[in-house]
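Asker: One structure, as structure tokens, below. Some questions next.
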Amino acid sequence: MSITAAGRMVRLEDVADRPLLADLAGAPDPHQRYDALRSRWGAVAPVDLEPGVPAWLALGYDEVSSLLRDEVHFTREFRRWRYEQERLVAWRSPVRAVLASRDSLLDVDGAEHRRLRGPVQDALATLDERRLARTVTVACTSALDRLAARGGGDLVADYAVDVPVRVLADLLGMNLADSRRMHELTVALGAGGEDAPDAADEMENLLATMVAGRRAEPGDDLASALIADPRHQHDLELMGAVGALFRTAHDAATAAAASAIRRVVADPTFGARLHGGRLSLDDALDEISRREPPMPHLLPRYAITDTVLGGQPIAAGDAVVPAVVAANGDDAVQAVDPWEQVDSRFHLTWGLGAHACPAHRTAPLMTRLIVGHVVARVDEIELATEPDQVPVVRSAWFRYPRELPVRFR
């Protein structure tokens, strides 16, 4: 519960000017904000998850890497959080709606985590990537053709969101209306507003209905494969698995695609280099995801015992948020020559350790196809606003443009 600042020991709760995590993620230049925090606090800084609910923010590459790998001193189990144990956060608070465990592989460690992660990994391993590519291509082509026929539209809502929603409906055996509602609920939950608890409840009900439906009528989809796996002990675990798959792939594909597309249409020179083959799409996407990861902050780890991270004392029960966007930009891992960073895979965008993203192949494949179809038609597309006027979605947990109004020539 204490930190070292200017040689003094102070209580985390006594820091009066803790920045709000969502404000950091939504800042016009987040890296500038992280640099300011580093200058004042070092590699671990105090923040608020929501007003009055403090946590640590791990900023350094070494600190985030250690945090993601260390299951001796840190856990993903929400019940270990001191603010939950001592009832210091309201039962229906937005942050609790985001963090509270829902029988998901994302929320447990050790043998229990391996048991719940196994079915998800096995289901994803059976995914036919050629079928996925065809599904994404059909969705991309039809979405772009609709926009072109109208003379323009929003490349976020009408494309970077619409395509993953359609593809996830197909992959999970979910009807399109439910997939669209899952998108809306995921955004509401991640935004951390007053409607977050209601969004969490509705999502749970939707998943319960969906799992029951697929159990009654199984098909050739990931949800049916998960239902058939005997390692799940009850429907709450199945709901957790399907929900984790949807949210992870949704956030990764939507945010990564929207951020990359913004760069393509807002910077004609960059778009032309990609379109002309002078810059590899894979290298471009890797660099964009390093600089602008779709999930700038991963869900907190909770200290199991009193420990130290990055020179800062961490008390048992404290929440520590891994800031992968700050870690990726840490000067300690930046090459002197920027060309040496091309094709670099050191970044932490897809996580590390036992809780690394289970869709680390599926989501990037979707993103590459979604962005690639825009690049192929970039000569037709013109951003209909100034690049610096593009707003971002407000969330502590994902970052991407809220809208990208474009005209088709």
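Chain labels run A, B, ... following the order of the structure tokens; each chain numbers its residues from 1, and ligands are numbered from 1 in the order shown.
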Could you produce a table of the residues of region 210-258 of chain A lying within 6 Å of region 358-371 of chain A, with the nearest pair of atoms per residue and their separation in Å rounded to one decimal, using only C-alpha atoms, ordered by chain and increasing residue number, as CSV?

Answerer:
```
residue,atom,partner,partner_atom,distance
A:Ala249,CA,A:Ala363,CA,5.5
A:Ala253,CA,A:Ala363,CA,5.2
A:Ala257,CA,A:Thr367,CA,5.2
```

Asker: Could you take the residues named above and write them with N, CA, C and O atoms, as an mmCIF file, in the first residue's frame?

Answerer:
```
data_model
loop_
_atom_site.group_PDB
_atom_site.id
_atom_site.type_symbol
_atom_site.label_atom_id
_atom_site.label_comp_id
_atom_site.auth_asym_id
_atom_site.auth_seq_id
_atom_site.Cartn_x
_atom_site.Cartn_y
_atom_site.Cartn_z
ATOM 1 N N ALA A 249 -11.132 -11.907 -29.329
ATOM 2 C CA ALA A 249 -11.018 -11.746 -30.784
ATOM 3 C C ALA A 249 -11.648 -10.436 -31.234
ATOM 4 O O ALA A 249 -11.125 -9.751 -32.124
ATOM 5 N N ALA A 253 -9.175 -7.833 -32.983
ATOM 6 C CA ALA A 253 -9.363 -7.620 -34.420
ATOM 7 C C ALA A 253 -9.940 -6.240 -34.707
ATOM 8 O O ALA A 253 -9.466 -5.524 -35.600
ATOM 9 N N ALA A 257 -7.511 -3.489 -36.368
ATOM 10 C CA ALA A 257 -7.884 -3.124 -37.736
ATOM 11 C C ALA A 257 -8.217 -1.644 -37.833
ATOM 12 O O ALA A 257 -7.754 -0.940 -38.744
#
```

Asker: If we count only C-alpha atoms, what is near Glu184 (chain A) at a cut-off of 12 Å, once residues fewer than 4 positions away on the same chain are taken out, given as a list in words?

Answerer: Ala157, Val161, Asp162, Val165, Ala177, Asp178, Ser179, Arg180, Ala188, Leu189, Gly190, Ala191, Asp195, Ala196, Ala199, Ala200, Glu202, Met203, Arg247, His250 and Asp251 of chain A

Asker: Mind dumping the selected residues with N, CA, C and O atoms as a CSV table (one decimal), in the first residue's frame?

Answerer:
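And here is the file that came out, part_25.csv:
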```csv
chain,number,residue,atom,x,y,z
A,157,ALA,N,-17.6,1.8,-37.8
A,157,ALA,CA,-18.9,1.1,-37.6
A,157,ALA,C,-19.2,0.2,-38.7
A,157,ALA,O,-19.7,-0.9,-38.5
A,161,VAL,N,-15.7,-2.7,-37.4
A,161,VAL,CA,-16.6,-3.4,-36.4
A,161,VAL,C,-17.5,-4.5,-37.1
A,161,VAL,O,-17.6,-5.6,-36.7
A,162,ASP,N,-18.1,-4.1,-38.2
A,162,ASP,CA,-19.1,-4.9,-38.9
A,162,ASP,C,-18.4,-6.3,-39.3
A,162,ASP,O,-19.1,-7.3,-39.2
A,165,VAL,N,-17.7,-8.7,-36.3
A,165,VAL,CA,-18.9,-9.2,-35.8
A,165,VAL,C,-19.6,-10.3,-36.6
A,165,VAL,O,-20.0,-11.3,-36.1
A,177,ALA,N,-27.7,-11.2,-35.0
A,177,ALA,CA,-28.2,-10.2,-34.0
A,177,ALA,C,-27.5,-10.4,-32.7
A,177,ALA,O,-27.2,-9.4,-32.0
A,178,ASP,N,-27.3,-11.6,-32.2
A,178,ASP,CA,-26.6,-11.8,-30.9
A,178,ASP,C,-25.2,-11.4,-31.0
A,178,ASP,O,-24.7,-10.8,-30.0
A,179,SER,N,-24.5,-11.6,-32.1
A,179,SER,CA,-23.1,-11.1,-32.3
A,179,SER,C,-23.1,-9.6,-32.2
A,179,SER,O,-22.1,-9.1,-31.6
A,180,ARG,N,-24.0,-8.9,-32.9
A,180,ARG,CA,-24.0,-7.5,-32.8
A,180,ARG,C,-24.3,-7.0,-31.4
A,180,ARG,O,-23.7,-6.0,-30.9
A,188,ALA,N,-19.7,-1.4,-24.1
A,188,ALA,CA,-20.3,-0.8,-22.9
A,188,ALA,C,-19.5,-1.2,-21.6
A,188,ALA,O,-19.2,-0.4,-20.7
A,189,LEU,N,-19.1,-2.5,-21.6
A,189,LEU,CA,-18.4,-3.0,-20.4
A,189,LEU,C,-17.0,-2.4,-20.4
A,189,LEU,O,-16.6,-1.9,-19.3
A,190,GLY,N,-16.3,-2.3,-21.5
A,190,GLY,CA,-15.0,-1.8,-21.6
A,190,GLY,C,-15.0,-0.3,-21.3
A,190,GLY,O,-14.0,0.2,-20.8
A,191,ALA,N,-16.1,0.4,-21.6
A,191,ALA,CA,-16.1,1.9,-21.4
A,191,ALA,C,-16.1,2.2,-19.9
A,191,ALA,O,-15.8,3.3,-19.5
A,195,ASP,N,-23.5,2.0,-17.0
A,195,ASP,CA,-24.2,0.9,-17.5
A,195,ASP,C,-23.4,-0.4,-17.6
A,195,ASP,O,-23.9,-1.4,-18.1
A,196,ALA,N,-22.2,-0.4,-17.2
A,196,ALA,CA,-21.3,-1.6,-17.2
A,196,ALA,C,-21.9,-2.8,-16.5
A,196,ALA,O,-21.9,-3.9,-17.0
A,199,ALA,N,-24.6,-4.3,-18.5
A,199,ALA,CA,-24.0,-4.9,-19.7
A,199,ALA,C,-23.5,-6.3,-19.3
A,199,ALA,O,-23.7,-7.2,-20.1
A,200,ALA,N,-22.8,-6.4,-18.2
A,200,ALA,CA,-22.2,-7.7,-17.8
A,200,ALA,C,-23.4,-8.7,-17.5
A,200,ALA,O,-23.2,-9.8,-17.9
A,202,GLU,N,-26.4,-8.7,-18.8
A,202,GLU,CA,-27.1,-9.0,-20.1
A,202,GLU,C,-26.2,-10.0,-20.9
A,202,GLU,O,-26.7,-10.9,-21.6
A,203,MET,N,-24.9,-9.7,-20.9
A,203,MET,CA,-24.0,-10.6,-21.6
A,203,MET,C,-24.0,-12.0,-21.1
A,203,MET,O,-24.0,-13.0,-21.8
A,247,ARG,N,-14.8,-11.8,-26.8
A,247,ARG,CA,-14.3,-10.5,-26.4
A,247,ARG,C,-12.8,-10.4,-26.8
A,247,ARG,O,-12.4,-9.3,-27.3
A,250,HIS,N,-12.8,-10.1,-30.6
A,250,HIS,CA,-13.4,-8.8,-31.0
A,250,HIS,C,-12.5,-7.6,-30.7
A,250,HIS,O,-12.3,-6.8,-31.6
A,251,ASP,N,-12.0,-7.5,-29.5
A,251,ASP,CA,-11.2,-6.4,-29.1
A,251,ASP,C,-9.9,-6.3,-30.0
A,251,ASP,O,-9.5,-5.3,-30.5
```

Asker: For CA of Ser93 (chain A) and CA of Pro197 (chain A), determine how far apart the two atoms are, in Å to one decimal place.

Answerer: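 We find that CA of Ser93 (chain A) and CA of Pro197 (chain A) lie 6.9 Å from each other.
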
Asker: Any chance you could tabulate, as JSON lines, the residues of region 65-132 of chain A at most 12 Å from region 390-395 of chain A with each one's nearest atom pair and distance in Å to one decimal, using only C-alpha atoms, in chain and rising number order?

Answerer:
```
{"residue": "A:Pro94", "atom": "CA", "partner": "A:Ser395", "partner_atom": "CA", "distance": 11.6}
{"residue": "A:Val95", "atom": "CA", "partner": "A:Ser395", "partner_atom": "CA", "distance": 11.2}
{"residue": "A:Val98", "atom": "CA", "partner": "A:Ser395", "partner_atom": "CA", "distance": 11.1}
```

Asker: For all heavy atoms, I'd like the residues from the last selection saved as a PDB file, in the first residue's frame.

Answerer:
```pdb
ATOM      1  N   PRO A  94     -18.780   0.098 -11.886  1.00  0.00           N
ATOM      2  CA  PRO A  94     -18.335  -0.250 -13.242  1.00  0.00           C
ATOM      3  C   PRO A  94     -17.058  -1.073 -13.259  1.00  0.00           C
ATOM      4  O   PRO A  94     -16.936  -2.036 -14.014  1.00  0.00           O
ATOM      5  CB  PRO A  94     -18.136   1.116 -13.905  1.00  0.00           C
ATOM      6  CG  PRO A  94     -19.075   2.027 -13.179  1.00  0.00           C
ATOM      7  CD  PRO A  94     -19.057   1.538 -11.755  1.00  0.00           C
ATOM      8  N   VAL A  95     -16.075  -0.716 -12.423  1.00  0.00           N
ATOM      9  CA  VAL A  95     -14.811  -1.445 -12.460  1.00  0.00           C
ATOM     10  C   VAL A  95     -14.985  -2.869 -11.976  1.00  0.00           C
ATOM     11  O   VAL A  95     -14.354  -3.798 -12.496  1.00  0.00           O
ATOM     12  CB  VAL A  95     -13.716  -0.701 -11.659  1.00  0.00           C
ATOM     13  CG1 VAL A  95     -13.946  -0.806 -10.161  1.00  0.00           C
ATOM     14  CG2 VAL A  95     -12.341  -1.238 -12.014  1.00  0.00           C
ATOM     15  N   VAL A  98     -16.195  -5.071 -14.739  1.00  0.00           N
ATOM     16  CA  VAL A  98     -15.138  -5.456 -15.679  1.00  0.00           C
ATOM     17  C   VAL A  98     -14.247  -6.545 -15.090  1.00  0.00           C
ATOM     18  O   VAL A  98     -13.881  -7.511 -15.779  1.00  0.00           O
ATOM     19  CB  VAL A  98     -14.280  -4.230 -16.059  1.00  0.00           C
ATOM     20  CG1 VAL A  98     -13.098  -4.652 -16.920  1.00  0.00           C
ATOM     21  CG2 VAL A  98     -15.116  -3.185 -16.779  1.00  0.00           C
TER      22      VAL A  98
END
```

Asker: Applying 7 Å and only C-alpha atoms, which residues near Gly317 (chain A) remain after dropping the ones on its own chain fewer than 5 positions away? List them as a list in words.

Answerer: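 Non-adjacent residues within range: Arg80, Trp81, Arg82, Tyr302, Ala303 and Ile304 of chain A.
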
Asker: List every residue of region 177-228 of chain A that has an atom at most 12 Å from any atom of region 124-136 of chain A, and for each one report the closest atom pair and its distance in Å to one decimal, counting only C-alpha atoms, with rows sorted by chain and then by increasing residue number, as a tab-separated table.

Answerer:
```
residue	atom	partner	partner_atom	distance
A:Asp220	CA	A:Leu127	CA	10.0
A:Asp221	CA	A:Leu127	CA	8.6
A:Leu222	CA	A:Leu124	CA	7.4
A:Ala223	CA	A:Leu124	CA	10.5
A:Ala225	CA	A:Thr126	CA	9.2
A:Leu226	CA	A:Leu124	CA	9.8
```

Asker: Would you export the selected residues with N, CA, C and O atoms as a PDB file, in the first residue's frame, please?

Answerer:
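Dumped to again_13.pdb:
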```pdb
ATOM      1  N   ASP A 220     -20.910 -27.048 -36.796  1.00  0.00           N
ATOM      2  CA  ASP A 220     -19.493 -27.009 -37.117  1.00  0.00           C
ATOM      3  C   ASP A 220     -18.946 -25.635 -36.735  1.00  0.00           C
ATOM      4  O   ASP A 220     -18.695 -24.782 -37.590  1.00  0.00           O
ATOM      5  N   ASP A 221     -18.790 -25.414 -35.437  1.00  0.00           N
ATOM      6  CA  ASP A 221     -18.367 -24.105 -34.954  1.00  0.00           C
ATOM      7  C   ASP A 221     -17.593 -24.278 -33.647  1.00  0.00           C
ATOM      8  O   ASP A 221     -17.591 -25.343 -33.036  1.00  0.00           O
ATOM      9  N   LEU A 222     -16.936 -23.207 -33.224  1.00  0.00           N
ATOM     10  CA  LEU A 222     -16.093 -23.265 -32.039  1.00  0.00           C
ATOM     11  C   LEU A 222     -16.905 -23.490 -30.766  1.00  0.00           C
ATOM     12  O   LEU A 222     -16.460 -24.209 -29.859  1.00  0.00           O
ATOM     13  N   ALA A 223     -18.076 -22.890 -30.665  1.00  0.00           N
ATOM     14  CA  ALA A 223     -18.884 -23.083 -29.464  1.00  0.00           C
ATOM     15  C   ALA A 223     -19.287 -24.546 -29.304  1.00  0.00           C
ATOM     16  O   ALA A 223     -19.236 -25.101 -28.200  1.00  0.00           O
ATOM     17  N   ALA A 225     -17.661 -27.103 -30.448  1.00  0.00           N
ATOM     18  CA  ALA A 225     -16.451 -27.844 -30.061  1.00  0.00           C
ATOM     19  C   ALA A 225     -16.173 -27.688 -28.574  1.00  0.00           C
ATOM     20  O   ALA A 225     -15.776 -28.652 -27.896  1.00  0.00           O
ATOM     21  N   LEU A 226     -16.380 -26.503 -28.033  1.00  0.00           N
ATOM     22  CA  LEU A 226     -16.169 -26.282 -26.600  1.00  0.00           C
ATOM     23  C   LEU A 226     -17.188 -27.060 -25.772  1.00  0.00           C
ATOM     24  O   LEU A 226     -16.851 -27.632 -24.730  1.00  0.00           O
TER      25      LEU A 226
END
```

Asker: Taking 5 positions as the minimum chain separation for residues in the same chain, which residues sit within 10 Å of region 12-26 of chain A when counting only C-alpha atoms? Answer as a PyMOL selection string.

Answerer: chain A and resi 1-4+31-34+37+45-57+190-192+295-297+314+318+321+323+325+391-401

Asker: With C-alpha atoms retained, export the selected residues as an mmCIF file, in the first residue's frame.

Answerer:
```cif
data_model
loop_
_atom_site.group_PDB
_atom_site.id
_atom_site.type_symbol
_atom_site.label_atom_id
_atom_site.label_comp_id
_atom_site.auth_asym_id
_atom_site.auth_seq_id
_atom_site.Cartn_x
_atom_site.Cartn_y
_atom_site.Cartn_z
ATOM 1 C CA MET A 1 0.000 0.000 0.000
ATOM 2 C CA SER A 2 3.003 2.320 -0.182
ATOM 3 C CA ILE A 3 5.321 3.634 -2.819
ATOM 4 C CA THR A 4 8.625 5.414 -2.978
ATOM 5 C CA HIS A 31 3.260 7.925 -24.764
ATOM 6 C CA GLN A 32 3.775 11.494 -23.565
ATOM 7 C CA ARG A 33 1.588 10.756 -20.530
ATOM 8 C CA TYR A 34 3.467 7.527 -19.758
ATOM 9 C CA LEU A 37 4.586 9.171 -15.116
ATOM 10 C CA ALA A 45 3.159 4.442 -10.932
ATOM 11 C CA PRO A 46 -0.125 5.020 -9.054
ATOM 12 C CA VAL A 47 -3.357 5.311 -11.078
ATOM 13 C CA ASP A 48 -7.117 5.037 -10.545
ATOM 14 C CA LEU A 49 -9.127 2.227 -12.137
ATOM 15 C CA GLU A 50 -12.159 4.440 -11.548
ATOM 16 C CA PRO A 51 -12.309 7.573 -9.392
ATOM 17 C CA GLY A 52 -11.177 6.656 -5.873
ATOM 18 C CA VAL A 53 -10.169 3.057 -6.698
ATOM 19 C CA PRO A 54 -6.341 2.960 -6.898
ATOM 20 C CA ALA A 55 -3.974 0.498 -8.489
ATOM 21 C CA TRP A 56 -0.423 0.300 -9.716
ATOM 22 C CA LEU A 57 0.496 0.721 -13.374
ATOM 23 C CA GLY A 190 -14.990 -1.776 -21.576
ATOM 24 C CA ALA A 191 -16.093 1.858 -21.421
ATOM 25 C CA GLY A 192 -16.552 1.469 -17.667
ATOM 26 C CA MET A 295 -5.375 -3.498 -25.634
ATOM 27 C CA PRO A 296 -3.069 -0.822 -24.155
ATOM 28 C CA HIS A 297 -3.626 -2.159 -20.631
ATOM 29 C CA ILE A 314 3.642 -3.786 -3.603
ATOM 30 C CA ASP A 318 -2.820 -4.647 -4.482
ATOM 31 C CA VAL A 321 -2.102 -3.257 -14.313
ATOM 32 C CA ALA A 323 0.641 -1.248 -19.462
ATOM 33 C CA VAL A 325 1.645 0.164 -24.654
ATOM 34 C CA PRO A 391 -11.789 10.702 -31.744
ATOM 35 C CA VAL A 392 -10.909 7.513 -29.892
ATOM 36 C CA VAL A 393 -13.226 5.128 -28.043
ATOM 37 C CA ARG A 394 -13.122 5.863 -24.326
ATOM 38 C CA SER A 395 -11.931 2.825 -22.395
ATOM 39 C CA ALA A 396 -9.145 1.840 -20.030
ATOM 40 C CA TRP A 397 -8.845 -1.541 -21.761
ATOM 41 C CA PHE A 398 -8.887 -0.961 -25.522
ATOM 42 C CA ARG A 399 -8.046 1.920 -27.843
ATOM 43 C CA TYR A 400 -9.143 2.557 -31.400
ATOM 44 C CA PRO A 401 -10.790 5.344 -33.433
#
```

Asker: With only C-alpha atoms as the atoms that count, which of A:Val187, A:Val378, A:Ser142, A:His347 lies nearest to Arg263 (chain A)?

Answerer: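 Distance minimum relative to Arg263 (chain A) lands on A:Val378.
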
Asker: I'd like the neighbourhood of Ala149 (chain A) as a VMD selection string, where a residue qualifies if any of its atoms comes within 12 Å (using only C-alpha atoms), though same-chain residues fewer than 6 positions away should be ignored.

Answerer: chain A and resid 142 to 143 380 407 to 409

Asker: Please produce a file of the residues just selected, as a PDB file, in the first residue's frame, where the atoms kept are C-alpha atoms.

Answerer:
```
ATOM      1  CA  SER A 142     -19.541  -6.768 -49.301  1.00  0.00           C
ATOM      2  CA  ALA A 143     -18.939  -4.098 -46.637  1.00  0.00           C
ATOM      3  CA  GLU A 380     -10.726   5.111 -53.910  1.00  0.00           C
ATOM      4  CA  ARG A 407     -15.611   9.400 -48.999  1.00  0.00           C
ATOM      5  CA  PHE A 408     -15.267   7.018 -51.926  1.00  0.00           C
ATOM      6  CA  ARG A 409     -14.015   8.602 -55.135  1.00  0.00           C
TER       7      ARG A 409
END
```

Asker: Can you list, as JSON, numbers by chain, all residues belonging to region 126-270 of chain A that DSSP tags as alpha helix (DSSP H)?

Answerer: {"A": [129, 130, 131, 132, 133, 134, 135, 136, 137, 138, 139, 140, 141, 142, 143, 144, 145, 146, 147, 148, 149, 150, 162, 163, 164, 165, 166, 167, 168, 169, 170, 171, 172, 176, 177, 178, 179, 180, 181, 182, 183, 184, 185, 186, 187, 188, 189, 190, 191, 196, 197, 198, 199, 200, 201, 202, 203, 204, 205, 206, 207, 208, 209, 210, 211, 212, 213, 214, 215, 216, 222, 223, 224, 225, 226, 227, 228, 235, 236, 237, 238, 239, 240, 241, 242, 243, 244, 245, 246, 247, 248, 249, 250, 251, 252, 253, 254, 255, 256, 257, 258, 259, 260, 261, 262, 263, 264, 265, 266, 268, 269, 270]}

Asker: Quick one: residues within 7 Å of Ala256 (chain A), only C-alpha atoms, excluding same-chain residues fewer than 3 positions away - as a list in words?

Answerer: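 That gives Ala252, Ala253, Ser259, Ala260, Ser289, Pro293, Pro294 and Thr367 of chain A.
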
Asker: Residues as selected, C-alpha atoms, written as a JSON list (two decimals), in the first residue's frame, can you do that?

Answerer:
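Resulting contents of selection-v4.json:
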```
[["chain", "number", "residue", "atom", "x", "y", "z"],
["A", 252, "ALA", "CA", -8.01, -7.53, -30.86],
["A", 253, "ALA", "CA", -9.36, -7.62, -34.42],
["A", 259, "SER", "CA", -6.08, 1.70, -35.75],
["A", 260, "ALA", "CA", -4.24, 0.42, -38.82],
["A", 289, "SER", "CA", 0.38, -2.98, -33.08],
["A", 293, "PRO", "CA", -1.65, -2.07, -29.24],
["A", 294, "PRO", "CA", -5.40, -2.78, -29.38],
["A", 367, "THR", "CA", -6.73, -8.07, -38.93]]
```

Asker: Using only C-alpha atoms, pick whichever of A:Leu172, A:Gln312, A:Val406, A:Ala228 has the shortest atom-to-atom distance to Thr385 (chain A).

Answerer: A:Val406

Asker: Do a neighbour search on Gly42 (chain A) at 9 Å with only C-alpha atoms, toss out local chain neighbours closer than 6 positions, and write the hits as a list in words.

Answerer: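 The residues satisfying every condition are Ala5, Leu59, Gly60, Gly310, Gly311 and Gln312 of chain A.
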
Asker: Generate a file of the selected residues that holds C-alpha atoms, formatted as a PDB file, in the first residue's frame.

Answerer:
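Everything below was put into part27.pdb:
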```pdb
ATOM      1  CA  ALA A   5       8.472   8.929  -4.370  1.00  0.00           C
ATOM      2  CA  LEU A  59       5.247   0.904 -17.230  1.00  0.00           C
ATOM      3  CA  GLY A  60       8.648  -0.670 -17.912  1.00  0.00           C
ATOM      4  CA  GLY A 310      10.482  -2.102 -10.366  1.00  0.00           C
ATOM      5  CA  GLY A 311      11.819  -0.879  -7.034  1.00  0.00           C
ATOM      6  CA  GLN A 312       8.357  -0.133  -5.679  1.00  0.00           C
TER       7      GLN A 312
END
```

Asker: Please return, as a VMD selection string, all residues of region 34-83 of chain A that DSSP assigns to strand (DSSP E or B) on the basis of the backbone.

Answerer: chain A and resid 44 to 50 53 to 58 74 to 75

Asker: Can I get the selection written as a compact mmCIF listing (two decimals), in the first residue's frame, with all heavy atoms?

Answerer:
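Output file again.txt follows:
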```txt
# COMPACT_ATOMS: atom_id res chain seq x y z
N VAL A 44 6.93 1.96 -12.02
CA VAL A 44 5.62 1.59 -11.49
C VAL A 44 4.99 2.83 -10.87
O VAL A 44 5.58 3.45 -9.99
CB VAL A 44 5.73 0.45 -10.44
CG1 VAL A 44 4.35 0.08 -9.92
CG2 VAL A 44 6.42 -0.76 -11.04
N ALA A 45 3.78 3.18 -11.34
CA ALA A 45 3.16 4.44 -10.93
C ALA A 45 1.75 4.21 -10.40
O ALA A 45 1.10 3.22 -10.75
CB ALA A 45 3.11 5.40 -12.12
N PRO A 46 1.24 5.14 -9.56
CA PRO A 46 -0.12 5.02 -9.05
C PRO A 46 -1.14 5.57 -10.06
O PRO A 46 -0.90 6.60 -10.70
CB PRO A 46 -0.10 5.89 -7.79
CG PRO A 46 0.92 6.94 -8.10
CD PRO A 46 1.96 6.29 -8.98
N VAL A 47 -2.27 4.87 -10.21
CA VAL A 47 -3.36 5.31 -11.08
C VAL A 47 -4.69 4.98 -10.39
O VAL A 47 -4.71 4.31 -9.36
CB VAL A 47 -3.31 4.62 -12.46
CG1 VAL A 47 -2.06 5.02 -13.24
CG2 VAL A 47 -3.40 3.10 -12.32
N ASP A 48 -5.78 5.42 -10.99
CA ASP A 48 -7.12 5.04 -10.54
C ASP A 48 -7.78 4.19 -11.62
O ASP A 48 -7.79 4.57 -12.81
CB ASP A 48 -7.98 6.27 -10.28
CG ASP A 48 -7.95 6.71 -8.83
OD1 ASP A 48 -7.22 6.08 -8.04
OD2 ASP A 48 -8.64 7.69 -8.49
N LEU A 49 -8.34 3.05 -11.21
CA LEU A 49 -9.13 2.23 -12.14
C LEU A 49 -10.45 2.91 -12.45
O LEU A 49 -10.94 2.87 -13.58
CB LEU A 49 -9.38 0.85 -11.53
CG LEU A 49 -8.14 0.02 -11.21
CD1 LEU A 49 -8.53 -1.27 -10.49
CD2 LEU A 49 -7.37 -0.30 -12.48
N GLU A 50 -11.05 3.50 -11.44
CA GLU A 50 -12.16 4.44 -11.55
C GLU A 50 -11.95 5.43 -10.42
O GLU A 50 -11.12 5.17 -9.52
CB GLU A 50 -13.52 3.73 -11.46
CG GLU A 50 -13.85 3.12 -10.12
CD GLU A 50 -15.21 2.42 -10.12
OE1 GLU A 50 -15.67 1.98 -11.19
OE2 GLU A 50 -15.82 2.32 -9.03
N VAL A 53 -10.54 4.48 -6.78
CA VAL A 53 -10.17 3.06 -6.70
C VAL A 53 -8.76 2.92 -7.28
O VAL A 53 -8.58 2.82 -8.49
CB VAL A 53 -11.16 2.16 -7.46
CG1 VAL A 53 -10.75 0.69 -7.31
CG2 VAL A 53 -12.57 2.36 -6.93
N PRO A 54 -7.72 2.89 -6.41
CA PRO A 54 -6.34 2.96 -6.90
C PRO A 54 -5.76 1.60 -7.29
O PRO A 54 -6.23 0.55 -6.86
CB PRO A 54 -5.59 3.54 -5.70
CG PRO A 54 -6.35 2.99 -4.52
CD PRO A 54 -7.80 2.94 -4.95
N ALA A 55 -4.73 1.69 -8.09
CA ALA A 55 -3.97 0.50 -8.49
C ALA A 55 -2.60 0.97 -8.91
O ALA A 55 -2.31 2.17 -9.00
CB ALA A 55 -4.68 -0.23 -9.63
N TRP A 56 -1.74 0.01 -9.14
CA TRP A 56 -0.42 0.30 -9.72
C TRP A 56 -0.50 0.14 -11.23
O TRP A 56 -1.30 -0.65 -11.73
CB TRP A 56 0.62 -0.68 -9.20
CG TRP A 56 0.77 -0.76 -7.72
CD1 TRP A 56 0.14 -1.62 -6.87
CD2 TRP A 56 1.63 0.04 -6.92
NE1 TRP A 56 0.55 -1.41 -5.59
CE2 TRP A 56 1.46 -0.39 -5.58
CE3 TRP A 56 2.52 1.07 -7.20
CZ2 TRP A 56 2.16 0.18 -4.53
CZ3 TRP A 56 3.22 1.64 -6.14
CH2 TRP A 56 3.04 1.20 -4.83
N LEU A 57 0.36 0.86 -11.93
CA LEU A 57 0.50 0.72 -13.37
C LEU A 57 1.95 0.40 -13.67
O LEU A 57 2.84 1.23 -13.42
CB LEU A 57 0.08 2.00 -14.09
CG LEU A 57 0.01 1.92 -15.61
CD1 LEU A 57 -1.12 0.98 -16.06
CD2 LEU A 57 -0.19 3.31 -16.23
N ALA A 58 2.21 -0.82 -14.17
CA ALA A 58 3.58 -1.21 -14.53
C ALA A 58 3.89 -0.66 -15.91
O ALA A 58 3.19 -0.97 -16.88
CB ALA A 58 3.71 -2.73 -14.51
N PHE A 74 2.11 -12.98 -8.13
CA PHE A 74 0.94 -12.31 -8.69
C PHE A 74 -0.04 -13.33 -9.27
O PHE A 74 0.37 -14.38 -9.77
CB PHE A 74 1.35 -11.32 -9.78
CG PHE A 74 2.23 -10.21 -9.30
CD1 PHE A 74 3.61 -10.27 -9.46
CD2 PHE A 74 1.68 -9.10 -8.67
CE1 PHE A 74 4.43 -9.25 -9.01
CE2 PHE A 74 2.49 -8.08 -8.20
CZ PHE A 74 3.87 -8.15 -8.38
N THR A 75 -1.32 -12.99 -9.20
CA THR A 75 -2.36 -13.88 -9.71
C THR A 75 -3.41 -13.08 -10.46
O THR A 75 -3.56 -11.86 -10.25
CB THR A 75 -3.04 -14.64 -8.55
OG1 THR A 75 -4.08 -15.47 -9.07
CG2 THR A 75 -3.66 -13.68 -7.54
```

Asker: From the options A:Val308, A:Val374, A:Ala123, A:Met210, which residue's atoms come nearest to Ala148 (chain A), counting only C-alpha atoms?

Answerer: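 The shortest atom-to-atom distance to Ala148 (chain A) comes from A:Val374.
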